[in-house]
Amino acid sequence: MNVPIRRLATVVLAMVLVLMGATTYHQFFQADKLNNDGRNVRTLYRAYGVFRGPIVVDGKSVALSTPVDDPFKFQRKYTDGSLYAAVTGYYSLVFAPTMIEASENSALNGTADELWMQRLRQLVTGEQQQGASVELTLDAKAQEAAAKALGDQKGAVVAIEPKTGKILALYSSPSYDPNQLAGHDTAKVNKNWQKLLNDDGSPLTNRAIAGDTYPPGSTFKLVTSAAALESGDYTPDTVIAAPHRLKYPGSSKELKNFADEVCSSSGKMTLDAALEMSCNTAFAGLGVKVGNDAMVEQAKKFGFDTPLSIPMTVTQSHFPPTTDDAELMRQSIGQGDDRVTPLQIAMVSAAIANGGKQMAPYLVDTVRDSSLRVVSKTSPSTLRTSVSEHTADELKSMMEDVVRSGTGVAAQIPGVTVAGKTGTAENTPGQPPHAWFTGFAPADDPKVAVAVIVEHGGQQGAEGTGGATAAPIAKAVMEAVLNG
Amino acid sequence: MAAVAHAPVRGAELPGADDEATLPRPGRRAELGLLVVALAIGIGAYALVSIKVVDRLPGDFYAQALGFVAVALVAHLILRWKAPYADQVILPATLALNGIGLAMIYRLDLASQSSAKPHDLAGRQLEWTAIAVIAALAVVWFLKDHRLLRRYTYIAMLVGLGLVILPLIPHVGRTINGAHIWVALGPLSLQPAELAKIAFAIFFAGYLVTHRDTLALAGPRVMGLQLPRLQDLGPILVVWAASILVLVAETDLGTSLLFFGLFVAMLYIATQRFSWVLIGLVLMGAGAVFAASAFAHVQVRFDIWLHAFDTDVYNAAPGSGQLVRGLFGLANGGLFGTGWGAGYPYLVPYAFSDFIYTSLGEELGLTGMLAILMVYLILVQRGLRTALGVRDGFGKLLAAGLAFTMAWQLFVVVGGVTRVIPLTGLTMPFVAQGGSSLLANWLVIGLLLRISDSARRPSLAPERGQVAPGGILPDDDPTGPGALEPVVPTTPEAGTQVTEVVRPSPPPPPPPGDDANGEVARG
């Protein structure tokens, strides 16, 4: 019987070899494919089970990972969740990360190319792999002031340091708590997501940079003024037509001023006076005089119709070219097909504040590895020259007049010269207009430029105007920066 | 100088190792050395998982480790005393596998503590290990000669059938996870089919050793195949068919497959007819096709096997989710594994039993799995080596059958989770959680140790070509290839006697159980 036993031994060897082959197939040859299978929750664990670096505002971690006793090993926490949600975004198992969590992902999880030294050190020393910390440009006080001033009104606030482009505040209201989406209980996260999605205030929309864009309303008159001044044919003292009403070409309809008021009994006024009281008929006529091409070019010089990331991608603002003078009239006063983000409007003010030089807005100041060594630091860069220094000075003095004695008096700060422009933007018919304010302070040495929008006039509703509703919010944010 | 000094020492060691079989009482030093390695692997793994998962040693680590060492030491000493010539690799290899399994089960226990369904299986498994080792040692201790078992050929058949039927008896049987393969024994649940495989191995060995010639030679030739006579095959077929039918009723495909493999392998060894293997494979194939078309749950198994990655099959219940998750685990392990306690083996349902292979694969990696498979291969080959060495036909069949059972069970389990064959519910010997399986497989080890002792025990009866102490040349080699069984009456009574060792020397065939083979010859 020994011959069959020997053969059986060979069969056993073959059987074990088959098992070895099959195991090798799965563990080696198929490993990559299996590891990348969408159903492989281990891939999530690997991707999410990293000690992510914190997101830091003014030396305080507003988003951080803490060790927990579950397969993901770390729980992302947002200490001031709703305050910074528009900036941090969320880091969720279920949904793709957003905002800084997304755009700085490789730094936060430690896989960025610049972090190779850190990875090498952690490999050699065996210390816990940890991502880099991302320090933001935000000013906590300005951010808090924005959130407090907006309250539960829908809208957004953006504040920029004009000389550098540092974003000091970026807030979208209503906000949400990213902790609700960062949990490891996916069913609960899904439930919270549905709730946020169905919320009337659409809290997940980042109104400051990526929401539905808004009509800029009268804040756009800054662009129209800039186009006129840059043409060389105008100064703030140039007298322009300011009729009670302005007929649209080829139509019986007329363009009216706010509340159908009469800008000037003479039907004429200086450009400076027109901006001060935000006279629609004057700027509609001015836009047509300056012409479509000059208007489009000036809008572009302020950043309209140009891609931008801060580092999150910002929705582009639009000033569409038109051959229709009626449309050009509307667009020249910030209505018609004009669409802007609050960030874009803040950038217009910031450029004027900075002598016409528009700085690239940015949120990430410094990236440090886990041993606090600086990996990268953003240095301010000029995006473009929006207007000449001369024009910027003229616009600045016109904007000072707006706040001193025009529609923007509510933005006055005692002891500080504030420059600004209000806007009351009509949008959906039957709905109260959006209230806008943009400006900067101090006018002689600008430290902060802001843009504020309160949707549909906020609490004041139909009574709300840029001057009444948005200007006080802008004032609060600017004060927070100046008193910082 | 050193080399010169060493040379004679080495030289002195060699004959000792080579001629071990001729030494009066071997020291079993090789076994002792291997035991140290096996214990280090098992206990080391136990410590590592605990340190990795909960940052400290298990609460009663030293007591348990000491207990494990004591069990191994006692086993070693009993073997020294009761079976000094037994194979020295079998015990350490088995203990290493057992230890690795315990560590993984404990690791999964720890992982379950923070889950919705915490379990504590390692403690039970450790108790079962102790029981199983004691049972194996009892076999070595009390079974003086494996040939004794041949007396119980037909009793073994009845016991085997009884064990297989047991779960179907009301009030005794228990249904766990849809399989009616359990019996309640007080607080314990047992899978009697695990034990039945031993009974059937004894039955097949006893029956086949008696009937192998008539089976092999007496039948008609059909298309070049030597077929057996039905009357010779009858009892085997009856046993086999009965067990298969019952297993189908119990929906236990794995055990069904296990018995089938055992049956075909032993039939082949007994008759040396390849036609038997062929018939066996055809029967198995036909059975599989029939089962797949007739039973929905078998059909599902085939779907899971063939279309594991299809989204529909993956999401179905029962579907391939468990299988594919196991493969994800293997992939996560990669070449070197995540290390003890660092993977996610608990993501796979039944990670501690049916899918312990992928659990180990994730944390120990391909290198670890190849090592584990190698240990199994060595273990099985030592069993087959025992079969080659043992002098009686019954022992050959029994040892080969039992050794092959382990290999076959391994193949069915690991092949199932690695998609070589459809997934069936069998346990990975010694490693997977489950008391019945542990007990049954340790009993197999006990039997193999007992048989290997008699296989390696130096015989004073003459070998082929040797001159017996009495100076008389043997006129026949009863165990040579193709040798006929001695033509002695093969009545059932005679069949239970040890008759094939016909020696020309005066002493009559020793009575079974007489451990004094050598004594008689010496006398």
# chains A, B, ... in the order shown; residues from 1 in each chain; ligands from 1
>>> residues_around(residues="A:Arg46", least_positions_apart="3", cutoff="10 Å", atoms="only C-alpha atoms", output="compact mmCIF listing (two decimals) with N, CA and C atoms, in the first residue's frame")
# COMPACT_ATOMS: atom_id res chain seq x y z
N ASN A 35 -7.74 46.30 -2.77
CA ASN A 35 -7.61 47.44 -1.86
C ASN A 35 -8.31 48.67 -2.40
N VAL A 41 -14.20 48.63 2.91
CA VAL A 41 -14.26 49.64 3.96
C VAL A 41 -12.89 49.86 4.58
N ARG A 42 -11.98 48.88 4.42
CA ARG A 42 -10.61 49.06 4.93
C ARG A 42 -9.92 50.23 4.26
N THR A 43 -10.26 50.44 2.97
CA THR A 43 -9.68 51.57 2.26
C THR A 43 -10.09 52.88 2.94
N GLY A 49 -8.34 56.78 8.73
CA GLY A 49 -7.72 56.45 10.01
C GLY A 49 -6.38 57.11 10.19
N VAL A 50 -6.19 58.30 9.64
CA VAL A 50 -4.92 58.99 9.80
C VAL A 50 -5.09 60.10 10.83
N PRO A 71 -12.57 51.75 14.70
CA PRO A 71 -11.65 51.36 13.61
C PRO A 71 -10.99 52.53 12.93
N PHE A 72 -11.61 53.70 12.99
CA PHE A 72 -11.02 54.84 12.30
C PHE A 72 -9.93 55.50 13.14
N LYS A 73 -9.90 55.13 14.41
CA LYS A 73 -8.84 55.55 15.33
C LYS A 73 -8.84 57.03 15.67
N ASN B 332 -5.47 43.40 2.25
CA ASN B 332 -4.95 44.39 3.19
C ASN B 332 -3.68 43.87 3.86
>>> closest_atom_pairs(of="chain A", to="chain B", cutoff="7 Å", atoms="only C-alpha atoms", output="CSV")
residue,atom,partner,partner_atom,distance
A:Met1,CA,B:Pro481,CA,5.9
A:Asn2,CA,B:Leu388,CA,5.6
A:Val3,CA,B:Pro481,CA,6.7
A:Pro4,CA,B:Ile269,CA,5.0
A:Ile5,CA,B:Ile269,CA,6.1
A:Ala9,CA,B:Gln381,CA,6.5
A:Val12,CA,B:Ala407,CA,6.4
A:Leu13,CA,B:Leu377,CA,6.9
A:Met15,CA,B:Phe411,CA,6.6
A:Val16,CA,B:Leu377,CA,6.7
A:Leu19,CA,B:Gly415,CA,6.2
A:Met20,CA,B:Leu370,CA,6.2
A:Ala22,CA,B:Thr418,CA,6.0
A:Thr23,CA,B:Thr418,CA,6.5
A:Thr24,CA,B:Leu366,CA,6.4
A:His26,CA,B:Ala331,CA,6.0
A:Gln27,CA,B:Ala331,CA,4.5
A:Phe28,CA,B:Gly334,CA,5.8
A:Ala31,CA,B:Ala331,CA,4.3
A:Leu34,CA,B:Phe328,CA,5.7
A:Asn35,CA,B:Ala331,CA,6.2
A:Asn40,CA,B:Phe328,CA,6.3
>>> residues_around(residues="A:Thr428", least_positions_apart="2", cutoff="12 Å", atoms="only C-alpha atoms", output="list in words")
Tyr214, Pro215, Gln335, Gly336, Ala425, Glu426, Gly430, Gln431, Pro432, Pro433, His434, Glu455 and His456 of chain A
>>> write_last_selection(atoms="N, CA and C atoms", output="mmCIF file, in the first residue's frame")
data_model
loop_
_atom_site.group_PDB
_atom_site.id
_atom_site.type_symbol
_atom_site.label_atom_id
_atom_site.label_comp_id
_atom_site.auth_asym_id
_atom_site.auth_seq_id
_atom_site.Cartn_x
_atom_site.Cartn_y
_atom_site.Cartn_z
ATOM 1 N N TYR A 214 -25.097 86.437 -6.518
ATOM 2 C CA TYR A 214 -26.136 87.446 -6.291
ATOM 3 C C TYR A 214 -26.018 88.569 -7.310
ATOM 4 N N PRO A 215 -27.121 89.283 -7.556
ATOM 5 C CA PRO A 215 -26.980 90.552 -8.271
ATOM 6 C C PRO A 215 -26.295 91.546 -7.334
ATOM 7 N N GLN A 335 -27.699 95.318 -11.851
ATOM 8 C CA GLN A 335 -28.866 94.439 -12.007
ATOM 9 C C GLN A 335 -28.696 93.662 -13.306
ATOM 10 N N GLY A 336 -29.791 93.328 -13.955
ATOM 11 C CA GLY A 336 -29.667 92.581 -15.191
ATOM 12 C C GLY A 336 -29.007 91.237 -14.962
ATOM 13 N N ALA A 425 -30.218 95.252 -3.855
ATOM 14 C CA ALA A 425 -30.311 94.561 -5.139
ATOM 15 C C ALA A 425 -31.631 93.855 -5.294
ATOM 16 N N GLU A 426 -32.364 94.280 -6.326
ATOM 17 C CA GLU A 426 -33.594 93.566 -6.624
ATOM 18 C C GLU A 426 -33.239 92.191 -7.158
ATOM 19 N N GLY A 430 -41.213 90.174 -6.417
ATOM 20 C CA GLY A 430 -42.081 89.893 -5.280
ATOM 21 C C GLY A 430 -41.335 89.661 -3.995
ATOM 22 N N GLN A 431 -40.000 89.459 -4.092
ATOM 23 C CA GLN A 431 -39.200 89.230 -2.878
ATOM 24 C C GLN A 431 -38.478 90.524 -2.513
ATOM 25 N N PRO A 432 -38.296 90.805 -1.230
ATOM 26 C CA PRO A 432 -37.545 91.999 -0.853
ATOM 27 C C PRO A 432 -36.137 91.943 -1.432
ATOM 28 N N PRO A 433 -35.548 93.105 -1.745
ATOM 29 C CA PRO A 433 -34.209 93.128 -2.321
ATOM 30 C C PRO A 433 -33.137 92.710 -1.317
ATOM 31 N N HIS A 434 -31.970 92.257 -1.863
ATOM 32 C CA HIS A 434 -30.828 91.935 -1.016
ATOM 33 C C HIS A 434 -30.176 93.233 -0.553
ATOM 34 N N GLU A 455 -29.554 88.608 2.614
ATOM 35 C CA GLU A 455 -30.537 88.240 1.606
ATOM 36 C C GLU A 455 -31.908 88.810 1.958
ATOM 37 N N HIS A 456 -32.554 89.344 0.955
ATOM 38 C CA HIS A 456 -33.929 89.837 1.079
ATOM 39 C C HIS A 456 -34.112 90.778 2.263
#
>>> select_by_dssp(residues="stretch 107-293 of chain B", states="strand (DSSP E or B)", output="list of chain:residue names")
B:Gly173, B:Arg174, B:Thr175, B:Ile176, B:Ala179, B:His180, B:Ile181, B:Trp182, B:Val183, B:Ala184, B:Leu185, B:Leu188, B:Ser189, B:Leu190, B:Arg221, B:Val222, B:Leu225, B:Gln226
>>> write_last_selection(atoms="C-alpha atoms", output="short mmCIF file (atom, residue, chain, number, x, y, z; two decimals), in the first residue's frame")
data_model
loop_
_atom_site.label_atom_id
_atom_site.label_comp_id
_atom_site.auth_asym_id
_atom_site.auth_seq_id
_atom_site.Cartn_x
_atom_site.Cartn_y
_atom_site.Cartn_z
CA GLY B 173 -30.30 18.29 17.79
CA ARG B 174 -29.87 22.02 17.70
CA THR B 175 -30.01 24.37 14.80
CA ILE B 176 -27.34 27.04 14.86
CA ALA B 179 -27.28 24.24 9.99
CA HIS B 180 -28.72 21.28 11.85
CA ILE B 181 -25.32 19.94 12.73
CA TRP B 182 -25.27 20.46 16.45
CA VAL B 183 -26.27 18.44 19.45
CA ALA B 184 -26.84 19.76 22.90
CA LEU B 185 -24.81 18.11 25.60
CA LEU B 188 -22.26 22.40 25.46
CA SER B 189 -23.02 22.31 21.78
CA LEU B 190 -21.17 19.72 19.78
CA ARG B 221 -13.79 -4.69 -16.38
CA VAL B 222 -15.74 -1.98 -18.10
CA LEU B 225 -11.70 0.20 -15.76
CA GLN B 226 -11.60 -2.44 -13.11
#
>>> residues_around(residues="stretch 101-105 of chain B", least_positions_apart="6", cutoff="6 Å", atoms="only C-alpha atoms", output="ChimeraX atom specification")
/B:45-46,122,352,431
>>> closest_residue(among="B:Ala130, B:Ala308, B:Leu398, B:Ala96", to="B:Ile41", atoms="only C-alpha atoms")
B:Ala96
>>> residues_around(residues="stretch 448-456 of chain B", least_positions_apart="3", cutoff="6 Å", atoms="only C-alpha atoms", output="number ranges by chain")
B: 83, 85-87, 140, 386, 389-390, 445
>>> select_by_dssp(residues="stretch 29-104 of chain B", states="alpha helix (DSSP H)", output="ChimeraX atom specification")
/B:29-54,61-82,90-104
>>> residues_around(residues="stretch 357-369 of chain A", least_positions_apart="6", cutoff="7 Å", atoms="only C-alpha atoms", output="CSV table (one decimal) with C-alpha atoms, in the first residue's frame")
chain,number,residue,atom,x,y,z
A,118,GLN,CA,8.3,64.4,8.1
A,131,GLY,CA,-0.5,65.3,9.2
A,132,ALA,CA,0.6,68.9,9.0
A,133,SER,CA,-1.2,71.8,10.7
A,134,VAL,CA,-2.8,74.4,8.5
A,135,GLU,CA,-2.8,77.9,9.9
A,136,LEU,CA,-5.4,80.2,8.5
A,137,THR,CA,-5.4,84.0,7.9
A,138,LEU,CA,-8.7,84.4,9.6
A,162,PRO,CA,-6.3,94.9,1.4
A,163,LYS,CA,-2.5,95.2,1.4
A,164,THR,CA,-1.9,91.4,1.5
A,165,GLY,CA,-5.1,89.7,0.4
A,166,LYS,CA,-5.4,87.8,3.7
A,167,ILE,CA,-9.0,86.8,4.2
A,310,ILE,CA,-8.3,80.8,-2.1
A,311,PRO,CA,-7.4,77.7,-2.1
A,350,ALA,CA,-9.9,95.9,-1.4
A,351,ALA,CA,-8.4,96.8,-4.7
A,375,VAL,CA,6.6,73.6,5.5
A,376,SER,CA,5.1,76.5,3.4
A,377,LYS,CA,4.1,80.1,4.0
A,378,THR,CA,1.9,82.0,1.6
A,380,PRO,CA,1.1,88.0,-0.6
A,381,SER,CA,1.0,88.4,-4.4
A,382,THR,CA,-0.6,91.0,-6.6
A,383,LEU,CA,-3.3,89.5,-8.8
A,384,ARG,CA,-3.6,92.5,-11.1
A,385,THR,CA,-3.9,96.3,-11.3
A,386,SER,CA,-7.6,97.0,-11.2
>>> decode(residues="stretch 347-381 of chain A", atoms="N, CA and C atoms", output="PDB file, in the first residue's frame")
ATOM      1  N   MET A 347     -13.324  92.086  -2.930  1.00  0.00           N
ATOM      2  CA  MET A 347     -12.092  92.280  -3.690  1.00  0.00           C
ATOM      3  C   MET A 347     -12.091  93.613  -4.426  1.00  0.00           C
ATOM      4  N   VAL A 348     -13.281  94.094  -4.849  1.00  0.00           N
ATOM      5  CA  VAL A 348     -13.370  95.405  -5.511  1.00  0.00           C
ATOM      6  C   VAL A 348     -12.962  96.494  -4.526  1.00  0.00           C
ATOM      7  N   SER A 349     -13.541  96.399  -3.318  1.00  0.00           N
ATOM      8  CA  SER A 349     -13.193  97.395  -2.287  1.00  0.00           C
ATOM      9  C   SER A 349     -11.732  97.313  -1.915  1.00  0.00           C
ATOM     10  N   ALA A 350     -11.245  96.064  -1.785  1.00  0.00           N
ATOM     11  CA  ALA A 350      -9.860  95.880  -1.365  1.00  0.00           C
ATOM     12  C   ALA A 350      -8.902  96.467  -2.393  1.00  0.00           C
ATOM     13  N   ALA A 351      -9.233  96.306  -3.671  1.00  0.00           N
ATOM     14  CA  ALA A 351      -8.360  96.826  -4.728  1.00  0.00           C
ATOM     15  C   ALA A 351      -8.316  98.351  -4.665  1.00  0.00           C
ATOM     16  N   ILE A 352      -9.512  98.959  -4.462  1.00  0.00           N
ATOM     17  CA  ILE A 352      -9.561 100.425  -4.360  1.00  0.00           C
ATOM     18  C   ILE A 352      -8.771 100.877  -3.133  1.00  0.00           C
ATOM     19  N   ALA A 353      -8.941 100.140  -2.033  1.00  0.00           N
ATOM     20  CA  ALA A 353      -8.256 100.494  -0.795  1.00  0.00           C
ATOM     21  C   ALA A 353      -6.749 100.402  -0.948  1.00  0.00           C
ATOM     22  N   ASN A 354      -6.297  99.489  -1.781  1.00  0.00           N
ATOM     23  CA  ASN A 354      -4.861  99.242  -1.931  1.00  0.00           C
ATOM     24  C   ASN A 354      -4.270 100.017  -3.111  1.00  0.00           C
ATOM     25  N   GLY A 355      -4.822 101.175  -3.407  1.00  0.00           N
ATOM     26  CA  GLY A 355      -4.276 102.008  -4.461  1.00  0.00           C
ATOM     27  C   GLY A 355      -4.421 101.390  -5.841  1.00  0.00           C
ATOM     28  N   GLY A 356      -5.433 100.576  -6.009  1.00  0.00           N
ATOM     29  CA  GLY A 356      -5.689 100.003  -7.333  1.00  0.00           C
ATOM     30  C   GLY A 356      -5.066  98.645  -7.547  1.00  0.00           C
ATOM     31  N   LYS A 357      -4.175  98.237  -6.646  1.00  0.00           N
ATOM     32  CA  LYS A 357      -3.526  96.934  -6.789  1.00  0.00           C
ATOM     33  C   LYS A 357      -4.366  95.895  -6.074  1.00  0.00           C
ATOM     34  N   GLN A 358      -4.840  94.924  -6.853  1.00  0.00           N
ATOM     35  CA  GLN A 358      -5.656  93.873  -6.245  1.00  0.00           C
ATOM     36  C   GLN A 358      -4.757  92.718  -5.826  1.00  0.00           C
ATOM     37  N   MET A 359      -4.764  92.407  -4.527  1.00  0.00           N
ATOM     38  CA  MET A 359      -3.946  91.304  -4.021  1.00  0.00           C
ATOM     39  C   MET A 359      -4.745  90.009  -4.119  1.00  0.00           C
ATOM     40  N   ALA A 360      -4.035  88.922  -4.332  1.00  0.00           N
ATOM     41  CA  ALA A 360      -4.714  87.614  -4.398  1.00  0.00           C
ATOM     42  C   ALA A 360      -5.217  87.252  -3.009  1.00  0.00           C
ATOM     43  N   PRO A 361      -6.536  87.054  -2.871  1.00  0.00           N
ATOM     44  CA  PRO A 361      -7.050  86.694  -1.553  1.00  0.00           C
ATOM     45  C   PRO A 361      -6.637  85.272  -1.192  1.00  0.00           C
ATOM     46  N   TYR A 362      -6.297  85.042   0.056  1.00  0.00           N
ATOM     47  CA  TYR A 362      -5.914  83.678   0.464  1.00  0.00           C
ATOM     48  C   TYR A 362      -6.272  83.419   1.911  1.00  0.00           C
ATOM     49  N   LEU A 363      -6.467  82.132   2.193  1.00  0.00           N
ATOM     50  CA  LEU A 363      -6.887  81.699   3.528  1.00  0.00           C
ATOM     51  C   LEU A 363      -5.789  80.989   4.301  1.00  0.00           C
ATOM     52  N   VAL A 364      -4.895  80.298   3.568  1.00  0.00           N
ATOM     53  CA  VAL A 364      -3.875  79.499   4.251  1.00  0.00           C
ATOM     54  C   VAL A 364      -2.630  80.338   4.419  1.00  0.00           C
ATOM     55  N   ASP A 365      -2.299  80.610   5.641  1.00  0.00           N
ATOM     56  CA  ASP A 365      -1.134  81.424   5.916  1.00  0.00           C
ATOM     57  C   ASP A 365       0.115  80.547   5.967  1.00  0.00           C
ATOM     58  N   THR A 366       0.108  79.540   6.859  1.00  0.00           N
ATOM     59  CA  THR A 366       1.300  78.728   7.092  1.00  0.00           C
ATOM     60  C   THR A 366       0.904  77.264   7.204  1.00  0.00           C
ATOM     61  N   VAL A 367       1.737  76.405   6.647  1.00  0.00           N
ATOM     62  CA  VAL A 367       1.581  74.966   6.876  1.00  0.00           C
ATOM     63  C   VAL A 367       2.789  74.506   7.661  1.00  0.00           C
ATOM     64  N   ARG A 368       2.528  73.866   8.805  1.00  0.00           N
ATOM     65  CA  ARG A 368       3.634  73.382   9.632  1.00  0.00           C
ATOM     66  C   ARG A 368       3.531  71.878   9.783  1.00  0.00           C
ATOM     67  N   ASP A 369       4.674  71.195   9.758  1.00  0.00           N
ATOM     68  CA  ASP A 369       4.619  69.753   9.980  1.00  0.00           C
ATOM     69  C   ASP A 369       4.442  69.485  11.463  1.00  0.00           C
ATOM     70  N   SER A 370       4.395  68.202  11.822  1.00  0.00           N
ATOM     71  CA  SER A 370       4.009  67.862  13.197  1.00  0.00           C
ATOM     72  C   SER A 370       5.056  68.317  14.205  1.00  0.00           C
ATOM     73  N   SER A 371       6.273  68.619  13.737  1.00  0.00           N
ATOM     74  CA  SER A 371       7.259  69.152  14.675  1.00  0.00           C
ATOM     75  C   SER A 371       7.299  70.680  14.604  1.00  0.00           C
ATOM     76  N   LEU A 372       6.243  71.261  14.018  1.00  0.00           N
ATOM     77  CA  LEU A 372       6.035  72.712  13.955  1.00  0.00           C
ATOM     78  C   LEU A 372       7.039  73.431  13.044  1.00  0.00           C
ATOM     79  N   ARG A 373       7.747  72.658  12.225  1.00  0.00           N
ATOM     80  CA  ARG A 373       8.620  73.274  11.245  1.00  0.00           C
ATOM     81  C   ARG A 373       7.748  73.826  10.114  1.00  0.00           C
ATOM     82  N   VAL A 374       8.051  75.029   9.655  1.00  0.00           N
ATOM     83  CA  VAL A 374       7.237  75.621   8.603  1.00  0.00           C
ATOM     84  C   VAL A 374       7.505  74.896   7.288  1.00  0.00           C
ATOM     85  N   VAL A 375       6.455  74.358   6.717  1.00  0.00           N
ATOM     86  CA  VAL A 375       6.579  73.646   5.454  1.00  0.00           C
ATOM     87  C   VAL A 375       6.350  74.617   4.298  1.00  0.00           C
ATOM     88  N   SER A 376       5.349  75.479   4.464  1.00  0.00           N
ATOM     89  CA  SER A 376       5.132  76.497   3.446  1.00  0.00           C
ATOM     90  C   SER A 376       4.419  77.682   4.067  1.00  0.00           C
ATOM     91  N   LYS A 377       4.713  78.854   3.540  1.00  0.00           N
ATOM     92  CA  LYS A 377       4.065  80.062   4.037  1.00  0.00           C
ATOM     93  C   LYS A 377       3.659  80.865   2.813  1.00  0.00           C
ATOM     94  N   THR A 378       2.413  81.273   2.773  1.00  0.00           N
ATOM     95  CA  THR A 378       1.943  82.019   1.616  1.00  0.00           C
ATOM     96  C   THR A 378       2.455  83.448   1.694  1.00  0.00           C
ATOM     97  N   SER A 379       3.086  83.920   0.615  1.00  0.00           N
ATOM     98  CA  SER A 379       3.475  85.331   0.608  1.00  0.00           C
ATOM     99  C   SER A 379       2.489  86.078  -0.285  1.00  0.00           C
ATOM    100  N   PRO A 380       2.097  87.278   0.140  1.00  0.00           N
ATOM    101  CA  PRO A 380       1.091  88.035  -0.615  1.00  0.00           C
ATOM    102  C   PRO A 380       1.540  88.254  -2.056  1.00  0.00           C
ATOM    103  N   SER A 381       0.599  88.169  -2.967  1.00  0.00           N
ATOM    104  CA  SER A 381       0.958  88.395  -4.368  1.00  0.00           C
ATOM    105  C   SER A 381      -0.113  89.273  -5.021  1.00  0.00           C
TER     106      SER A 381
END
